[in-house]
Structure formats: structure tokens, C-alpha cells
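Source file start.cif; content: mmCIF, C-alpha atoms.
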```cif
data_my_file
loop_
_atom_site.label_atom_id
_atom_site.label_comp_id
_atom_site.auth_asym_id
_atom_site.auth_seq_id
_atom_site.Cartn_x
_atom_site.Cartn_y
_atom_site.Cartn_z
CA ASP A 1 112.81 98.97 125.55
CA HIS A 2 109.05 99.54 125.29
CA GLU A 3 107.99 96.31 127.01
CA ASP A 4 110.47 96.89 129.81
CA ASN A 5 109.08 100.39 130.35
CA ILE A 6 105.56 98.98 130.60
CA ALA A 7 106.71 96.36 133.13
CA LYS A 8 108.38 99.06 135.22
CA ALA A 9 105.23 101.20 135.10
CA LEU A 10 103.05 98.26 136.19
CA ALA A 11 105.36 97.56 139.11
CA ALA A 12 105.58 101.21 140.16
CA PHE A 13 101.83 101.82 140.14
CA ASN A 14 101.12 98.57 142.00
CA ILE A 15 103.59 99.68 144.71
CA ALA A 16 101.92 103.11 144.87
CA ILE A 17 98.51 101.47 145.34
CA SER A 18 99.86 99.17 148.06
CA LEU A 19 101.17 102.23 149.91
CA ASP A 20 97.96 104.23 149.46
CA PRO A 21 94.90 102.22 148.33
CA ASN A 22 92.89 105.45 147.96
CA TYR A 23 95.30 107.13 145.53
CA GLY A 24 93.14 107.60 142.39
CA ASP A 25 95.95 108.68 140.05
CA ALA A 26 97.81 105.44 140.78
CA TYR A 27 94.84 103.42 139.49
CA VAL A 28 94.73 105.63 136.40
CA GLY A 29 98.44 105.03 135.76
CA LEU A 30 98.07 101.29 136.31
CA ALA A 31 95.06 101.04 133.98
CA GLU A 32 96.89 102.98 131.24
CA ALA A 33 99.97 100.73 131.59
CA GLN A 34 97.67 97.69 131.36
CA ARG A 35 96.07 99.18 128.22
CA LYS A 36 99.49 99.47 126.59
CA GLN A 37 100.37 95.94 127.68
CA PHE A 38 97.13 94.70 126.11
CA ILE A 39 97.98 96.41 122.81
CA ASN A 40 101.28 94.50 122.78
CA THR A 41 99.94 91.13 123.91
CA GLN A 42 96.22 91.04 122.98
CA SER A 43 95.84 88.95 126.14
CA SER A 44 92.36 88.60 127.63
CA SER A 45 93.85 88.31 131.12
CA VAL A 46 95.50 91.73 130.70
CA LEU A 47 92.23 93.29 129.55
CA ASN A 48 90.46 91.68 132.53
CA SER A 49 93.10 93.15 134.85
CA MET A 50 92.54 96.58 133.35
CA GLU A 51 88.79 96.21 133.87
CA LYS A 52 89.36 95.37 137.54
CA THR A 53 91.66 98.38 137.94
CA VAL A 54 89.05 100.70 136.43
CA GLY A 55 86.47 99.14 138.75
CA GLN A 56 88.67 100.03 141.73
CA LEU A 57 89.05 103.58 140.42
CA VAL A 58 85.24 103.90 140.32
CA LYS A 59 85.17 103.05 144.04
CA VAL A 60 88.13 105.22 145.06
CA ASP A 61 87.62 108.28 142.86
CA PRO A 62 84.33 108.12 140.88
CA ASP A 63 84.74 111.70 139.63
CA HIS A 64 88.28 111.31 138.26
CA HIS A 65 88.59 113.29 135.00
CA LEU A 66 90.12 110.32 133.14
CA LEU A 67 87.59 107.70 134.24
CA SER A 68 85.39 108.15 131.15
CA TYR A 69 88.43 107.82 128.90
CA LEU A 70 89.52 104.56 130.54
CA LYS A 71 85.99 103.14 130.39
CA GLY A 72 85.92 104.10 126.71
CA GLU A 73 89.16 102.23 126.06
CA LEU A 74 87.71 99.13 127.69
CA MET A 75 84.59 99.28 125.51
CA ALA A 76 86.58 99.97 122.32
CA ASN A 77 88.85 96.98 122.98
CA LYS A 78 85.76 94.82 123.43
CA GLY A 79 84.30 96.06 120.14
CA ASP A 80 81.45 98.14 121.59
CA TYR A 81 82.32 101.24 119.56
CA LEU A 82 78.99 103.03 120.05
CA LEU A 83 79.33 103.00 123.84
CA ALA A 84 83.03 103.84 123.53
CA ILE A 85 82.12 106.94 121.47
CA LYS A 86 79.76 108.19 124.18
CA LEU A 87 82.45 107.73 126.84
CA PHE A 88 85.19 109.40 124.77
CA GLU A 89 82.89 112.33 123.98
CA LYS A 90 82.27 112.75 127.70
CA SER A 91 86.02 112.61 128.31
CA VAL A 92 86.67 115.34 125.71
CA LYS A 93 84.17 117.61 127.47
CA GLN A 94 85.80 116.93 130.83
CA HIS A 95 89.40 117.35 129.66
CA ALA A 96 89.61 119.37 126.44
CA ASN A 97 93.42 119.12 126.18
CA PHE A 98 93.78 115.37 126.70
CA PHE A 99 94.85 114.10 123.30
CA MET A 100 94.12 110.40 123.80
CA SER A 101 90.37 111.02 124.13
CA TYR A 102 90.31 112.64 120.67
CA SER A 103 92.48 109.91 119.16
CA SER A 104 90.39 107.06 120.54
CA LEU A 105 87.13 108.84 119.67
CA SER A 106 88.35 109.30 116.11
CA ASP A 107 89.47 105.66 115.89
CA SER A 108 86.08 104.42 117.14
CA TYR A 109 84.28 106.39 114.42
CA LEU A 110 86.73 104.98 111.86
CA LYS A 111 85.97 101.45 113.05
CA LEU A 112 82.30 102.19 112.32
CA GLY A 113 83.20 103.36 108.81
CA GLN A 114 82.68 107.07 109.53
CA ALA A 115 85.98 108.47 108.25
CA ASP A 116 84.67 112.04 107.84
CA LYS A 117 83.71 112.26 111.52
CA ALA A 118 87.00 110.66 112.50
CA GLU A 119 88.97 113.32 110.62
CA LYS A 120 86.85 116.20 111.94
CA ILE A 121 87.61 115.16 115.52
CA LEU A 122 91.37 115.06 114.90
CA LEU A 123 91.32 118.43 113.13
CA THR A 124 89.51 119.89 116.16
CA ALA A 125 92.21 118.44 118.40
CA HIS A 126 94.90 119.92 116.11
CA GLU A 127 93.31 123.36 116.39
CA ARG A 128 93.34 123.13 120.17
CA MET A 129 96.83 121.59 120.41
CA PRO A 130 98.73 122.64 117.25
CA ASN A 131 102.13 121.53 118.56
CA ASN A 132 101.07 118.03 119.61
CA ILE A 133 103.12 115.46 117.67
CA GLU A 134 100.69 112.62 118.47
CA ILE A 135 97.85 114.48 116.75
CA LEU A 136 99.94 114.83 113.58
CA ILE A 137 100.70 111.10 113.72
CA SER A 138 96.99 110.31 114.11
CA LEU A 139 96.05 112.61 111.21
CA GLY A 140 98.67 110.89 109.08
CA ALA A 141 97.38 107.46 110.12
CA LEU A 142 93.79 108.42 109.33
CA ASN A 143 94.74 109.63 105.85
CA PHE A 144 96.76 106.45 105.38
CA GLU A 145 93.74 104.29 106.32
CA SER A 146 91.61 106.29 103.86
CA GLY A 147 94.10 105.78 101.03
CA ASN A 148 95.24 109.43 100.94
CA TYR A 149 98.92 108.49 100.97
CA TYR A 150 100.38 111.81 99.76
CA GLN A 151 98.48 113.75 102.43
CA ALA A 152 99.61 111.19 105.00
CA ILE A 153 103.24 111.68 103.94
CA ASP A 154 102.84 115.43 104.51
CA TYR A 155 101.69 114.86 108.10
CA PHE A 156 104.38 112.27 108.87
CA SER A 157 107.08 114.45 107.30
CA LEU A 158 106.02 117.28 109.59
CA VAL A 159 106.43 114.90 112.53
CA ALA A 160 109.91 113.92 111.31
CA LYS A 161 110.85 117.60 110.94
CA ASN A 162 109.71 118.46 114.49
CA ALA A 163 110.93 115.22 116.09
CA PRO A 164 113.88 113.83 114.04
CA ASN A 165 114.31 110.83 116.37
CA ASN A 166 110.70 109.70 116.07
CA TYR A 167 111.02 106.34 114.30
CA ILE A 168 107.23 106.10 113.90
CA ALA A 169 107.30 109.03 111.45
CA TYR A 170 109.78 107.26 109.15
CA LEU A 171 108.01 103.92 109.61
CA ASN A 172 104.75 105.43 108.39
CA ILE A 173 106.38 107.43 105.59
CA SER A 174 107.84 104.11 104.47
CA ALA A 175 104.39 102.47 104.38
CA CYS A 176 102.94 105.40 102.40
CA TYR A 177 105.66 105.15 99.75
CA TYR A 178 105.02 101.43 99.52
CA PHE A 179 101.31 101.87 98.89
CA ASN A 180 102.10 104.57 96.33
CA GLY A 181 104.21 101.98 94.51
CA ASP A 182 107.65 103.47 95.28
CA ILE A 183 109.35 100.53 96.98
CA LYS A 184 112.85 102.00 96.71
CA LYS A 185 111.83 105.03 98.79
CA ALA A 186 109.84 102.75 101.10
CA ILE A 187 112.94 100.68 101.90
CA LEU A 188 115.08 103.79 102.46
CA ALA A 189 112.53 105.25 104.90
CA ALA A 190 112.24 101.92 106.73
CA GLN A 191 116.01 101.79 107.11
CA GLN A 192 115.92 105.33 108.56
CA ALA A 193 113.37 104.10 111.11
CA LEU A 194 115.57 101.08 111.88
CA ASN A 195 118.59 103.31 112.46
CA ILE A 196 116.61 105.11 115.17
CA GLN A 197 115.08 102.05 116.83
CA GLU A 198 114.87 98.32 116.18
CA ASN A 199 111.17 97.60 116.20
CA PRO A 200 109.05 94.66 115.01
CA ASN A 201 106.91 96.95 112.87
CA VAL A 202 109.96 98.16 110.94
CA PHE A 203 111.06 94.58 110.24
CA SER A 204 107.45 93.82 109.25
CA ASN A 205 107.50 96.61 106.68
CA LEU A 206 110.87 95.56 105.29
CA GLY A 207 109.70 91.95 105.06
CA THR A 208 106.62 93.08 103.13
CA TYR A 209 108.70 95.08 100.66
CA TYR A 210 111.07 92.17 99.99
CA PHE A 211 108.03 89.90 99.65
CA ILE A 212 106.51 92.16 97.00
CA LEU A 213 109.89 92.23 95.22
CA LYS A 214 109.76 88.40 95.35
CA ASP A 215 113.03 88.26 97.29
CA TYR A 216 111.55 85.66 99.60
CA SER A 217 114.76 84.75 101.45
CA LYS A 218 115.19 88.38 102.56
CA ALA A 219 111.49 88.52 103.43
CA VAL A 220 111.83 85.43 105.63
CA LYS A 221 114.86 86.91 107.41
CA ALA A 222 113.08 90.22 108.11
CA PHE A 223 109.90 88.51 109.32
CA GLU A 224 111.89 86.15 111.58
CA GLN A 225 113.58 89.20 113.13
CA MET A 226 110.10 90.67 113.59
CA ILE A 227 108.83 87.55 115.38
CA ALA A 228 111.91 87.56 117.63
CA LEU A 229 110.78 90.98 118.89
CA ASN A 230 107.01 90.32 118.98
CA ASP A 231 105.59 86.81 118.80
CA THR A 232 102.09 87.67 120.09
CA ASP A 233 100.63 89.35 116.98
CA TYR A 234 98.72 87.13 114.54
CA MET A 235 99.56 89.46 111.63
CA ASN A 236 103.26 88.88 112.26
CA TRP A 237 102.83 85.12 112.11
CA GLY A 238 100.66 85.40 108.99
CA ASN A 239 103.32 87.48 107.23
CA LEU A 240 106.05 85.00 108.15
CA ALA A 241 103.84 82.12 106.96
CA ASP A 242 103.37 83.81 103.57
CA ALA A 243 107.13 84.25 103.22
CA TYR A 244 107.72 80.58 104.11
CA LEU A 245 105.04 79.51 101.61
CA PHE A 246 106.51 81.44 98.70
CA ALA A 247 110.05 80.44 99.70
CA SER A 248 108.91 76.77 99.52
CA ASN A 249 109.67 76.28 103.21
CA ASP A 250 107.60 73.51 104.84
CA LYS A 251 107.25 75.61 108.01
CA TYR A 252 104.48 77.64 106.35
CA SER A 253 101.58 75.38 107.41
CA ASP A 254 102.42 75.31 111.14
CA THR A 255 103.11 79.05 111.01
CA PHE A 256 99.67 79.74 109.51
CA ARG A 257 98.14 77.59 112.27
CA GLN A 258 99.89 79.70 114.92
CA ALA A 259 98.48 82.81 113.22
CA ILE A 260 95.01 81.24 113.36
CA ILE A 261 95.30 80.53 117.11
CA LEU A 262 96.27 84.13 117.87
CA ALA A 263 93.70 85.66 115.48
CA GLU A 264 90.90 83.60 117.02
CA LYS A 265 91.95 84.81 120.48
CA ALA A 266 91.82 88.40 119.23
CA LEU A 267 88.37 87.80 117.74
CA ALA A 268 87.11 86.28 120.99
CA LEU A 269 88.10 89.50 122.77
CA ASN A 270 86.49 91.72 120.12
CA PRO A 271 83.88 90.05 117.88
CA ASN A 272 83.84 93.18 115.68
CA ASN A 273 87.54 92.98 114.86
CA LYS A 274 87.35 93.08 111.05
CA THR A 275 91.12 92.75 110.67
CA ALA A 276 91.06 89.46 112.61
CA ILE A 277 88.04 88.26 110.60
CA SER A 278 89.60 88.98 107.22
CA SER A 279 92.93 87.54 108.35
CA LEU A 280 91.28 84.31 109.47
CA ALA A 281 89.60 83.96 106.07
CA TYR A 282 93.01 84.12 104.45
CA TYR A 283 94.81 81.91 106.97
CA TYR A 284 92.22 79.13 106.75
CA ALA A 285 92.45 79.26 102.96
CA ASN A 286 96.16 78.52 103.29
CA VAL A 287 95.69 75.43 105.49
CA GLY A 288 93.10 73.91 103.17
CA ASN A 289 89.95 74.71 105.16
CA SER A 290 87.77 76.33 102.48
CA LYS A 291 84.60 76.09 104.55
CA LYS A 292 85.98 78.22 107.40
CA SER A 293 87.67 80.55 104.95
CA VAL A 294 84.34 81.33 103.27
CA PHE A 295 82.59 81.60 106.66
CA TYR A 296 84.89 84.44 107.68
CA ALA A 297 85.08 85.98 104.21
CA GLU A 298 81.33 86.46 104.05
CA GLN A 299 81.49 88.65 107.18
CA ILE A 300 83.42 91.33 105.28
CA THR A 301 81.21 93.55 103.12
CA LYS A 302 81.69 96.20 100.45
CA ASN A 303 81.40 98.84 103.19
CA ASP A 304 84.44 97.66 105.15
CA LEU A 305 88.00 98.96 104.85
CA GLY A 306 89.92 98.26 101.64
CA GLU A 307 92.70 96.46 103.52
CA ASN A 308 90.22 93.90 104.84
CA GLN A 309 88.65 93.46 101.41
CA PHE A 310 92.11 92.86 99.96
CA PHE A 311 92.62 89.97 102.41
CA ILE A 312 89.31 88.44 101.35
CA ALA A 313 90.31 88.72 97.70
CA ALA A 314 93.56 86.91 98.57
CA ALA A 315 91.62 84.22 100.46
CA TYR A 316 89.22 83.58 97.59
CA THR A 317 92.15 83.52 95.16
CA ARG A 318 93.84 80.86 97.28
CA ILE A 319 90.77 78.58 97.20
CA HIS A 320 90.24 79.21 93.46
CA MET A 321 87.03 81.24 93.80
CA ASN A 322 88.20 83.85 91.32
CA LYS A 323 84.84 85.51 90.68
CA ALA A 324 84.38 86.26 94.38
CA ALA A 325 88.01 87.41 94.63
CA LEU A 326 87.49 89.88 91.79
CA ASP A 327 84.36 91.25 93.49
CA TYR A 328 86.43 92.04 96.59
CA ILE A 329 89.20 93.61 94.56
CA GLU A 330 86.56 95.89 93.08
CA TYR A 331 85.29 96.76 96.58
CA ALA A 332 88.85 97.52 97.72
CA ILE A 333 89.56 99.75 94.72
CA ASN A 334 86.28 101.61 95.28
CA ASN A 335 87.41 102.18 98.88
CA ASN A 336 90.65 103.76 97.64
CA TYR A 337 92.90 100.78 98.40
CA SER A 338 96.35 100.88 96.80
CA ILE A 339 96.31 99.85 93.13
CA ALA A 340 100.09 99.39 93.38
CA GLU A 341 99.64 96.78 96.13
CA ILE A 342 96.98 94.95 94.11
CA ILE A 343 99.11 94.87 90.96
CA ARG A 344 102.34 93.78 92.66
CA SER A 345 101.10 91.34 95.30
CA PRO A 346 102.07 87.69 94.72
CA LEU A 347 98.90 86.75 96.64
CA LEU A 348 96.77 87.67 93.61
CA GLU A 349 99.00 86.13 90.95
CA ASN A 350 96.36 83.61 89.82
CA LEU A 351 93.93 86.40 88.94
CA LYS A 352 96.19 88.28 86.57
CA SER A 353 94.98 86.49 83.44
CA GLU A 354 91.33 87.31 84.22
CA SER A 355 89.81 89.95 81.94
CA LYS A 356 87.91 91.58 84.82
CA TYR A 357 91.17 91.91 86.77
CA LEU A 358 92.74 93.79 83.87
CA GLN A 359 89.71 96.08 83.70
CA LEU A 360 89.76 96.75 87.45
CA ILE A 361 93.42 97.71 87.74
CA THR A 362 92.96 100.42 85.12
CA LYS A 363 89.80 101.74 86.79
CA VAL A 364 90.00 105.13 88.45
CA PRO A 365 87.64 105.40 91.45
CA GLU A 366 85.16 108.27 91.29
#
```

Let me see the structure of the file written as C-alpha cells.
Amino acid sequence: DHEDNIAKALAAFNIAISLDPNYGDAYVGLAEAQRKQFINTQSSSVLNSMEKTVGQLVKVDPDHHLLSYLKGELMANKGDYLLAIKLFEKSVKQHANFFMSYSSLSDSYLKLGQADKAEKILLTAHERMPNNIEILISLGALNFESGNYYQAIDYFSLVAKNAPNNYIAYLNISACYYFNGDIKKAILAAQQALNIQENPNVFSNLGTYYFILKDYSKAVKAFEQMIALNDTDYMNWGNLADAYLFASNDKYSDTFRQAIILAEKALALNPNNKTAISSLAYYYANVGNSKKSVFYAEQITKNDLGENQFFIAAAYTRIHMNKAALDYIEYAINNNYSIAEIIRSPLLENLKSESKYLQLITKVPE
């Protein structure tokens, strides 16, 4: 169990520090365990604890080769991507074979909309560490984010070939098939991932596929299983709320409100979190607060990621601002977002009689 492993790591490194308060590697291990815990919980108290641990490392071992990396992770999780980039670049120079520095450096560039730089960094890492599975996963994820789903499948398939028990490979292959419009293959790949490990992300994917197929009872069941495994992620609650809404279950409103609470906490931690911003626009649209929905929607521009623009289109559709919704669909398509997702999503159903919608879904991006 991933959470149990993190808890054991936290306990072990705290014991090591209590036995030797000047043991630099113990602070590094504790900070990294806290980083993983933060990813799972998005808790400000966990991030604050990590910051304190890194502060102790500065005092105990100011020249530790992973200090720049840990400082970079702190800045990235606070949304200061420019400073994070400087710290990750320093870390790469200090430790050329430490994969996480490349991965986080690439991700920071991607957050700033610089996908070409992000890919170049990962390809450099792949040249230096050709057998590193995590690099292949990151290259697949980057191509996925950029809408290059076939290339992403190639990378994830290579991971599956080299590590047959890696559920993440099948999970991501599943998502790629979905965005390519092949839901049958998407479900099969998700079930392969589930056979290896029960994970909230696998149930999330399955719920999404059933939702797109308009089998809302199965979608609800999958999303409830997802929440049972991870109830701290606002996206999970938003997905469950959508399933409740389309299944005509009165729980949808309270579920959207829980998603709002968690998304606002995530945004407080990182004011540049575009996923939280676009999600909040959509969630507020679903609880009848058009003013807040538009407030958040206007913070997403044509230069942001297609997935965020899709959420804004869904938000505007929900509050009957079809012209604005169609503008964001156009932005998403221009940013290589999945046409299959746009065509099949129930969230955009009210746009499908619009002439501009029909024009957009047949448009091929240059």
C-alpha cells in the first residue's frame, strides 16, 4: 500500500534524525517522503513540514547534492516555476544521473507552456539513462499532455514490455486510447492495470469511460470506489459529482461543494494551479454560482493547456454562455486537445446544435 509505505518512511526517517540530528541523508529522506505525502494529500501542513525539514538540512548539510532539488520541489509546489527551474538546473549540474531533477525541471517548463524545452530535457535524461523506466513514463506523459497520444502509447508500451507489472504503464495506455476515441481498448487496458494493482486513478479512468458511454450507474460505482481509496483530491470529487448529476442523484450538489472546498485549498497553496482554476470554474457553474464561475474562467487563456480550456468550455456550457464555450473549444482544439473527447462528452451536449460547434469538430489543427 502506497500510503502505508509513505507512513513507514516518515516514521523511519524521524527515528534516524532523533538518533543522529546531524545525519543529512535522513533529512533528505524525510523531505522526499513528505513531498510524496503532499502529492497524495495536497495538505498545506505537509508542505510546511517539508519546508521545515529542508530548512534543517540547510543547517546540517548545506552542501548536500540533493538540497537544490528539494528546494526546487518546494518552489514548484508553491507555483514559483521560474525559481524552481533555476534550482532544478543547479541540481542537474550537481547530480547528472538523478532522474527526478530532470523530471521536475521538465514539468516546470511545461507548467509555463514551454513544451519543447520540457521534451528536450527528458530526451537528454533518456540519452544519459537509457534504461530508466521513469524517464520513459515521463516522456509518455509529456506526449500525452501535448496531445501526441500515439507517440505516448509507444513510450508506455515500452515501459510495459520492460516492466510487465507496472500498472502505471497500462493506466496511461488506457488514457491514450480513450483520448484517441477507442474506448473499448481503453477499458481493456484499465482492467489490465486493475489486475496488477487497485488504485484510485484506475477507478477514475474506468468511471470516465463509463461516463462517456452514458452508463452513469457504472460510472458512479467506479468513482465511489475511487473516493474510497483517495478522498483528498478535488478532481475525484468533481468526477463523482458529474456522475451523480447525470444519474439524477441528489448527492451531486453536496459533492460539487466538497470538490470546491478541496480545489480552493489547492489553489491557496499554489495560486498558479491552472487545473484547480479551471476546475473551480466548472464546479461553481454546477452549484449555480455563475459569477464565481466566470471569475475563474477568465483566468484561463488561449495559451493554457487544452485540458483546462475544455473545463472552461464545459463551465460556460453549464451556465448557458455558448459563445464563450465555443471560443474555448476552439482554443482547446488548436492546442491539440482530443476531438474524440469533445465530440463524446456529455458535458458539451447543449452545444451540439450550434453551427460553430459543427465547424470546429471537423477542423484539423495546423

Problem - Residues matched by the PyMOL selection byres ((chain A and resi 186) around 12) as a count of residues only - result: 32

Could you give me the axis-aligned bounding box of segment 257-264 of chain A, with 6 Å of padding per side, as centre plus edge lengths in Å to one decimal, as JSON?
```
{"center_x": 95.4, "center_y": 81.6, "center_z": 115.1, "size_x": 21.0, "size_y": 20.1, "size_z": 17.6}
```

Practice task
For the structure shown, which residues end up in the PyMOL selection byres ((chain A and resi 67-78) around 7)? Put them as an MDAnalysis selection string, please?
Solution key: chainID A and resid 51 64:66 79:81 83:84 87:88 90:91 101 108 269:270

Can I get the selected residues back with C-alpha atoms, as a PDB file, in the coordinates of the input?
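New file out_25.pdb:
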```
ATOM      1  CA  GLU A  51      88.790  96.210 133.870  1.00  0.00           C
ATOM      2  CA  HIS A  64      88.280 111.310 138.260  1.00  0.00           C
ATOM      3  CA  HIS A  65      88.590 113.290 135.000  1.00  0.00           C
ATOM      4  CA  LEU A  66      90.120 110.320 133.140  1.00  0.00           C
ATOM      5  CA  GLY A  79      84.300  96.060 120.140  1.00  0.00           C
ATOM      6  CA  ASP A  80      81.450  98.140 121.590  1.00  0.00           C
ATOM      7  CA  TYR A  81      82.320 101.240 119.560  1.00  0.00           C
ATOM      8  CA  LEU A  83      79.330 103.000 123.840  1.00  0.00           C
ATOM      9  CA  ALA A  84      83.030 103.840 123.530  1.00  0.00           C
ATOM     10  CA  LEU A  87      82.450 107.730 126.840  1.00  0.00           C
ATOM     11  CA  PHE A  88      85.190 109.400 124.770  1.00  0.00           C
ATOM     12  CA  LYS A  90      82.270 112.750 127.700  1.00  0.00           C
ATOM     13  CA  SER A  91      86.020 112.610 128.310  1.00  0.00           C
ATOM     14  CA  SER A 101      90.370 111.020 124.130  1.00  0.00           C
ATOM     15  CA  SER A 108      86.080 104.420 117.140  1.00  0.00           C
ATOM     16  CA  LEU A 269      88.100  89.500 122.770  1.00  0.00           C
ATOM     17  CA  ASN A 270      86.490  91.720 120.120  1.00  0.00           C
TER      18      ASN A 270
END
```

Practice task
Tell me which protein, DNA and RNA residues are within 7 Å of segment 302-311 of chain A, counting all atoms listed in the file, leaving out same-chain ones fewer than 6 positions away, and put them as a list in words.
Solution key: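 Contacts, in chain order: Gly113, Lys274, Thr275, Ser278, Ser279, Tyr282, Tyr328, Ile329, Tyr331, Ala332, Asn335, Asn336 and Tyr337 of chain A.
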
Problem - Spatial neighbours of Ile15 of chain A, 12 Å, all atoms listed in the file, chain gap at least 4 places, as a PyMOL selection string - result: chain A and resi 8-11+19-21+23+26-27+29-30

Can you write out the residues you just picked, keeping C-alpha atoms, as a PDB file, in the frame of the given file?
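As written to disk, again09.pdb reads:
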```pdb
ATOM      1  CA  LYS A   8     108.380  99.060 135.220  1.00  0.00           C
ATOM      2  CA  ALA A   9     105.230 101.200 135.100  1.00  0.00           C
ATOM      3  CA  LEU A  10     103.050  98.260 136.190  1.00  0.00           C
ATOM      4  CA  ALA A  11     105.360  97.560 139.110  1.00  0.00           C
ATOM      5  CA  LEU A  19     101.170 102.230 149.910  1.00  0.00           C
ATOM      6  CA  ASP A  20      97.960 104.230 149.460  1.00  0.00           C
ATOM      7  CA  PRO A  21      94.900 102.220 148.330  1.00  0.00           C
ATOM      8  CA  TYR A  23      95.300 107.130 145.530  1.00  0.00           C
ATOM      9  CA  ALA A  26      97.810 105.440 140.780  1.00  0.00           C
ATOM     10  CA  TYR A  27      94.840 103.420 139.490  1.00  0.00           C
ATOM     11  CA  GLY A  29      98.440 105.030 135.760  1.00  0.00           C
ATOM     12  CA  LEU A  30      98.070 101.290 136.310  1.00  0.00           C
TER      13      LEU A  30
END
```

Practice task
Check what the PyMOL selection byres ((chain A and resi 243) around 12) selects in the file above and give those residues as a PyMOL selection string.
Solution key: chain A and resi 204+207-224+236-242+244-253+255-256+346-347

Problem - Contact residues around Leu267 of chain A with only C-alpha atoms at 9 Å, ignoring same-chain residues under 6 positions, as a list in words - result: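 Everything that qualifies: Asn273, Lys274, Ala276 and Ile277 of chain A.
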
Exercise for the section: For atom CA of Asn289 of chain A and atom CA of Tyr357 of chain A, determine how far apart the two atoms are, in Å to one decimal place. Expected result: 25.2 Å

Handout entry: One-decimal distance in Å that lies between atom CA of Val28 of chain A and atom CA of His126 of chain A
Key =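 Atom-to-atom, atom CA of His126 of chain A and atom CA of Val28 of chain A are spaced 24.8 Å apart.
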
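For the pair atom CA of Ile17 of chain A and atom CA of Asn48 of chain A, the separation is 18.0 Å.
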
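In terms of minimum interatomic distance to Phe38 of chain A, A:Glu3 ranks closest within A:Ala16, A:Val54, A:Asp25, A:Glu3, counting only C-alpha atoms.
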
Problem - Polymer residues at most 10 Å from segment 320-324 of chain A, all atoms listed in the file, same-chain spacing of 4 or more positions, as a PyMOL selection string - result: chain A and resi 285+290+294+297+312-316+328-330+348+350-351+354+356-357
